[in-house]
Amino acid sequence: MNDCNNFFEPLKAGFLHYQGLTRSFCHGKIYCSSITARLVNLKIGIPWDKLQILPLNQKISIAGVNVTCFDANHCPGSIILLFEPLNGKAVLHTGDFRFSEEIAKISDLQKCSIHTLILDTTYCDPQYDFPKQEAVIQFVIEAIQAEAFNPKTLFLIGSYTIGKERLFVEVARALRKKVYVTAAKLRCLECLGIPEEDMKWFTLNEQDSHIHVVPMWTLASFKRLKHMSNQYMVIFDDLLTPWSSFDAISNFS
């Protein structure tokens, strides 16, 4: 949603959503969450003077319009935006979000009469019935525990630029095991405000862990998987990667 001077980013910094946005952006301010600001500065090089951070759950006035943003319960940095112009015709822009009871209970939304709803309807169909994130996390923890007796079992968790952080942090906590990430992934994780006690579970040394967070393309690369199979007896990737038969994993974010 934008005018000539303001661009509002209600989505995640997943970089599917940023095609055409470059470090030379010169069309005003980009309003976004603090996490998204750190990510687009890191990954795209947008200068800080072009970024305006929106505080969560706090109404602010921008160009005569009251704007409030709420956590979208989706990828880190994703927000829901509520615009309240002077004409009283409020606009709610969900962006990519995961509906929850907590969102439904937000008092500012309960009190506001929404005139226009811009809604993410990607999975707005009865055929999609995903379990709660807590159930998915427990499922993955138990699956890894069931196979972890074999030191030559490698567990792969496919991830885009961001997404699934809660999954592999909870796995590390529960199993008290390191999780390998690439240097690029670690730089992104450092932008997300993850507590220091959880950051300690990440390692850049592949040999420190048999739980690896890898780019999605790795899981589609037969050559890469064949290389891994020379080191490990089992490549346990079908369960933990997106697009698996366990649909909840692919829609965890």
# chains A, B, ... in the order shown; residues from 1 in each chain; ligands from 1

$ closest_atom_pairs --of "region 74-142 of chain A" --to "region 25-40 of chain A" --cutoff "9 Å" --atoms "only C-alpha atoms" --output "JSON lines"
{"residue": "A:Pro76", "atom": "CA", "partner": "A:Ile35", "partner_atom": "CA", "distance": 6.8}
{"residue": "A:Gly77", "atom": "CA", "partner": "A:Ile35", "partner_atom": "CA", "distance": 4.7}
{"residue": "A:Ser78", "atom": "CA", "partner": "A:Ser33", "partner_atom": "CA", "distance": 7.2}
{"residue": "A:Ile79", "atom": "CA", "partner": "A:Ser33", "partner_atom": "CA", "distance": 7.0}

$ residues_around --residues "Ala174 (chain A)" --least-positions-apart "4" --cutoff "9 Å" --atoms "only C-alpha atoms" --output "ChimeraX atom specification"
/A:141,169-170

$ select_by_dssp --residues "region 34-205 of chain A" --states "alpha helix (DSSP H)" --output "MDAnalysis selection string"
chainID A and resid 34:43 101:104 107:111 133:147 165:175 183:189 196:199

$ atom_distance --atom1 "CA of Ile194 (chain A)" --atom2 "CA of Glu134 (chain A)"
18.3 Å

$ residues_around --residues "Phe202 (chain A)" --least-positions-apart "5" --cutoff "8 Å" --atoms "only C-alpha atoms" --output "list of chain:residue names"
A:Lys178, A:Val179, A:Tyr180, A:Val181, A:Leu186

$ residues_around --residues "Ile46 (chain A)" --least-positions-apart "4" --cutoff "7 Å" --atoms "only C-alpha atoms" --output "number ranges by chain"
A: 22-23, 40-41, 50

$ write_last_selection --atoms "all heavy atoms" --output "compact mmCIF listing (two decimals), in the first residue's frame"
# COMPACT_ATOMS: atom_id res chain seq x y z
N THR A 22 15.72 -2.39 -4.76
CA THR A 22 17.19 -2.41 -4.74
C THR A 22 17.71 -1.34 -3.79
O THR A 22 16.97 -0.50 -3.29
CB THR A 22 17.75 -2.14 -6.15
OG1 THR A 22 17.45 -0.78 -6.52
CG2 THR A 22 17.13 -3.09 -7.18
N ARG A 23 19.01 -1.37 -3.59
CA ARG A 23 19.63 -0.42 -2.68
C ARG A 23 19.53 1.02 -3.18
O ARG A 23 19.72 1.97 -2.41
CB ARG A 23 21.10 -0.79 -2.44
CG ARG A 23 22.00 -0.63 -3.66
CD ARG A 23 23.43 -1.05 -3.34
NE ARG A 23 23.48 -2.44 -2.95
CZ ARG A 23 24.37 -2.95 -2.10
NH1 ARG A 23 25.24 -2.15 -1.53
NH2 ARG A 23 24.38 -4.22 -1.82
N VAL A 40 16.25 -6.17 5.29
CA VAL A 40 16.40 -5.54 3.97
C VAL A 40 17.67 -4.69 3.91
O VAL A 40 18.26 -4.52 2.83
CB VAL A 40 15.16 -4.70 3.58
CG1 VAL A 40 13.94 -5.58 3.43
CG2 VAL A 40 14.90 -3.57 4.55
N ASN A 41 18.12 -4.19 5.05
CA ASN A 41 19.39 -3.49 5.09
C ASN A 41 20.54 -4.47 4.84
O ASN A 41 21.46 -4.19 4.07
CB ASN A 41 19.57 -2.78 6.43
CG ASN A 41 20.95 -2.15 6.58
OD1 ASN A 41 21.84 -2.72 7.21
ND2 ASN A 41 21.13 -0.98 6.00
N LYS A 50 16.34 5.38 4.58
CA LYS A 50 15.16 5.12 3.77
C LYS A 50 14.15 4.23 4.51
O LYS A 50 13.07 3.94 4.00
CB LYS A 50 15.54 4.43 2.46
CG LYS A 50 16.42 5.27 1.55
CD LYS A 50 15.69 6.50 1.04
CE LYS A 50 16.55 7.29 0.06
NZ LYS A 50 15.87 8.54 -0.38

$ atom_distance --atom1 "CA of Glu147 (chain A)" --atom2 "CA of Leu204 (chain A)"
23.0 Å

$ select_by_dssp --residues "region 21-160 of chain A" --states "strand (DSSP E or B)" --output "ChimeraX atom specification"
/A:29-32,51-53,56,60-62,65-71,79-84,90-93,114-118,153-159

$ decode --residues "region 16-48 of chain A" --atoms "N, CA, C and O atoms" --output "CSV table (one decimal), in the first residue's frame"
chain,number,residue,atom,x,y,z
A,16,LEU,N,10.7,-13.2,-1.8
A,16,LEU,CA,9.8,-13.4,-2.9
A,16,LEU,C,9.1,-12.1,-3.1
A,16,LEU,O,8.6,-11.8,-4.2
A,17,HIS,N,9.0,-11.3,-2.0
A,17,HIS,CA,8.1,-10.1,-2.0
A,17,HIS,C,8.9,-8.8,-2.3
A,17,HIS,O,8.3,-7.8,-2.2
A,18,TYR,N,10.1,-8.9,-2.7
A,18,TYR,CA,10.9,-7.7,-2.8
A,18,TYR,C,11.5,-7.6,-4.2
A,18,TYR,O,12.5,-6.9,-4.4
A,19,GLN,N,10.9,-8.3,-5.2
A,19,GLN,CA,11.5,-8.1,-6.6
A,19,GLN,C,11.4,-6.7,-7.0
A,19,GLN,O,10.3,-6.0,-6.9
A,20,GLY,N,12.5,-6.2,-7.5
A,20,GLY,CA,12.5,-4.8,-8.0
A,20,GLY,C,13.0,-3.8,-7.0
A,20,GLY,O,13.3,-2.7,-7.3
A,21,LEU,N,13.0,-4.2,-5.7
A,21,LEU,CA,13.5,-3.3,-4.7
A,21,LEU,C,15.0,-3.5,-4.6
A,21,LEU,O,15.5,-4.6,-4.3
A,22,THR,N,15.7,-2.4,-4.8
A,22,THR,CA,17.2,-2.4,-4.7
A,22,THR,C,17.7,-1.3,-3.8
A,22,THR,O,17.0,-0.5,-3.3
A,23,ARG,N,19.0,-1.4,-3.6
A,23,ARG,CA,19.6,-0.4,-2.7
A,23,ARG,C,19.5,1.0,-3.2
A,23,ARG,O,19.7,2.0,-2.4
A,24,SER,N,19.2,1.2,-4.5
A,24,SER,CA,19.1,2.5,-5.0
A,24,SER,C,17.7,3.1,-4.9
A,24,SER,O,17.3,4.1,-5.5
A,25,PHE,N,16.8,2.4,-4.1
A,25,PHE,CA,15.4,2.9,-3.9
A,25,PHE,C,15.4,4.3,-3.5
A,25,PHE,O,16.1,4.7,-2.6
A,26,CYS,N,14.6,5.1,-4.2
A,26,CYS,CA,14.6,6.6,-4.0
A,26,CYS,C,13.2,7.2,-4.0
A,26,CYS,O,13.0,8.3,-4.5
A,27,HIS,N,12.2,6.4,-3.6
A,27,HIS,CA,10.8,6.9,-3.8
A,27,HIS,C,10.2,7.2,-2.4
A,27,HIS,O,9.0,7.0,-2.2
A,28,GLY,N,10.9,7.6,-1.4
A,28,GLY,CA,10.4,7.9,-0.1
A,28,GLY,C,10.8,7.0,0.9
A,28,GLY,O,11.8,6.3,0.8
A,29,LYS,N,10.0,6.9,2.0
A,29,LYS,CA,10.3,6.0,3.1
A,29,LYS,C,9.7,4.6,2.9
A,29,LYS,O,8.6,4.5,2.4
A,30,ILE,N,10.3,3.6,3.5
A,30,ILE,CA,9.7,2.3,3.6
A,30,ILE,C,9.4,2.0,5.0
A,30,ILE,O,10.3,2.1,5.9
A,31,TYR,N,8.1,1.9,5.3
A,31,TYR,CA,7.7,1.6,6.7
A,31,TYR,C,7.5,0.1,6.9
A,31,TYR,O,6.9,-0.6,6.1
A,32,CYS,N,8.2,-0.4,7.9
A,32,CYS,CA,8.2,-1.8,8.2
A,32,CYS,C,8.5,-2.1,9.6
A,32,CYS,O,8.8,-1.2,10.4
A,33,SER,N,8.5,-3.4,10.0
A,33,SER,CA,8.9,-3.8,11.4
A,33,SER,C,10.4,-3.7,11.5
A,33,SER,O,11.2,-3.6,10.5
A,34,SER,N,10.9,-3.7,12.8
A,34,SER,CA,12.3,-3.6,13.0
A,34,SER,C,13.1,-4.7,12.4
A,34,SER,O,14.2,-4.6,11.9
A,35,ILE,N,12.5,-5.9,12.5
A,35,ILE,CA,13.2,-7.1,12.0
A,35,ILE,C,13.3,-7.0,10.4
A,35,ILE,O,14.4,-7.3,9.9
A,36,THR,N,12.2,-6.6,9.8
A,36,THR,CA,12.3,-6.5,8.3
A,36,THR,C,13.3,-5.4,7.9
A,36,THR,O,14.0,-5.6,7.0
A,37,ALA,N,13.3,-4.3,8.7
A,37,ALA,CA,14.3,-3.2,8.4
A,37,ALA,C,15.7,-3.8,8.5
A,37,ALA,O,16.5,-3.5,7.6
A,38,ARG,N,16.0,-4.6,9.5
A,38,ARG,CA,17.4,-5.1,9.6
A,38,ARG,C,17.7,-6.1,8.5
A,38,ARG,O,18.8,-6.1,7.9
A,39,LEU,N,16.7,-6.8,8.1
A,39,LEU,CA,16.9,-7.8,7.0
A,39,LEU,C,17.1,-7.2,5.6
A,39,LEU,O,18.0,-7.6,4.8
A,40,VAL,N,16.3,-6.2,5.3
A,40,VAL,CA,16.4,-5.5,4.0
A,40,VAL,C,17.7,-4.7,3.9
A,40,VAL,O,18.3,-4.5,2.8
A,41,ASN,N,18.1,-4.2,5.1
A,41,ASN,CA,19.4,-3.5,5.1
A,41,ASN,C,20.5,-4.5,4.8
A,41,ASN,O,21.5,-4.2,4.1
A,42,LEU,N,20.5,-5.6,5.5
A,42,LEU,CA,21.5,-6.7,5.3
A,42,LEU,C,21.5,-7.3,3.9
A,42,LEU,O,22.6,-7.4,3.3
A,43,LYS,N,20.3,-7.7,3.5
A,43,LYS,CA,20.3,-8.6,2.3
A,43,LYS,C,20.2,-7.7,1.0
A,43,LYS,O,20.6,-8.2,-0.1
A,44,ILE,N,19.6,-6.6,1.1
A,44,ILE,CA,19.4,-5.8,-0.1
A,44,ILE,C,20.3,-4.5,-0.1
A,44,ILE,O,20.6,-4.0,-1.2
A,45,GLY,N,20.6,-4.0,1.1
A,45,GLY,CA,21.4,-2.9,1.1
A,45,GLY,C,20.7,-1.6,1.2
A,45,GLY,O,21.2,-0.5,0.9
A,46,ILE,N,19.4,-1.6,1.5
A,46,ILE,CA,18.6,-0.4,1.6
A,46,ILE,C,19.2,0.4,2.8
A,46,ILE,O,19.3,-0.1,3.9
A,47,PRO,N,19.5,1.7,2.5
A,47,PRO,CA,20.1,2.5,3.6
A,47,PRO,C,19.1,2.8,4.7
A,47,PRO,O,17.9,2.9,4.5
A,48,TRP,N,19.7,2.9,5.9
A,48,TRP,CA,18.8,3.1,7.1
A,48,TRP,C,18.0,4.4,7.0
A,48,TRP,O,16.9,4.5,7.5
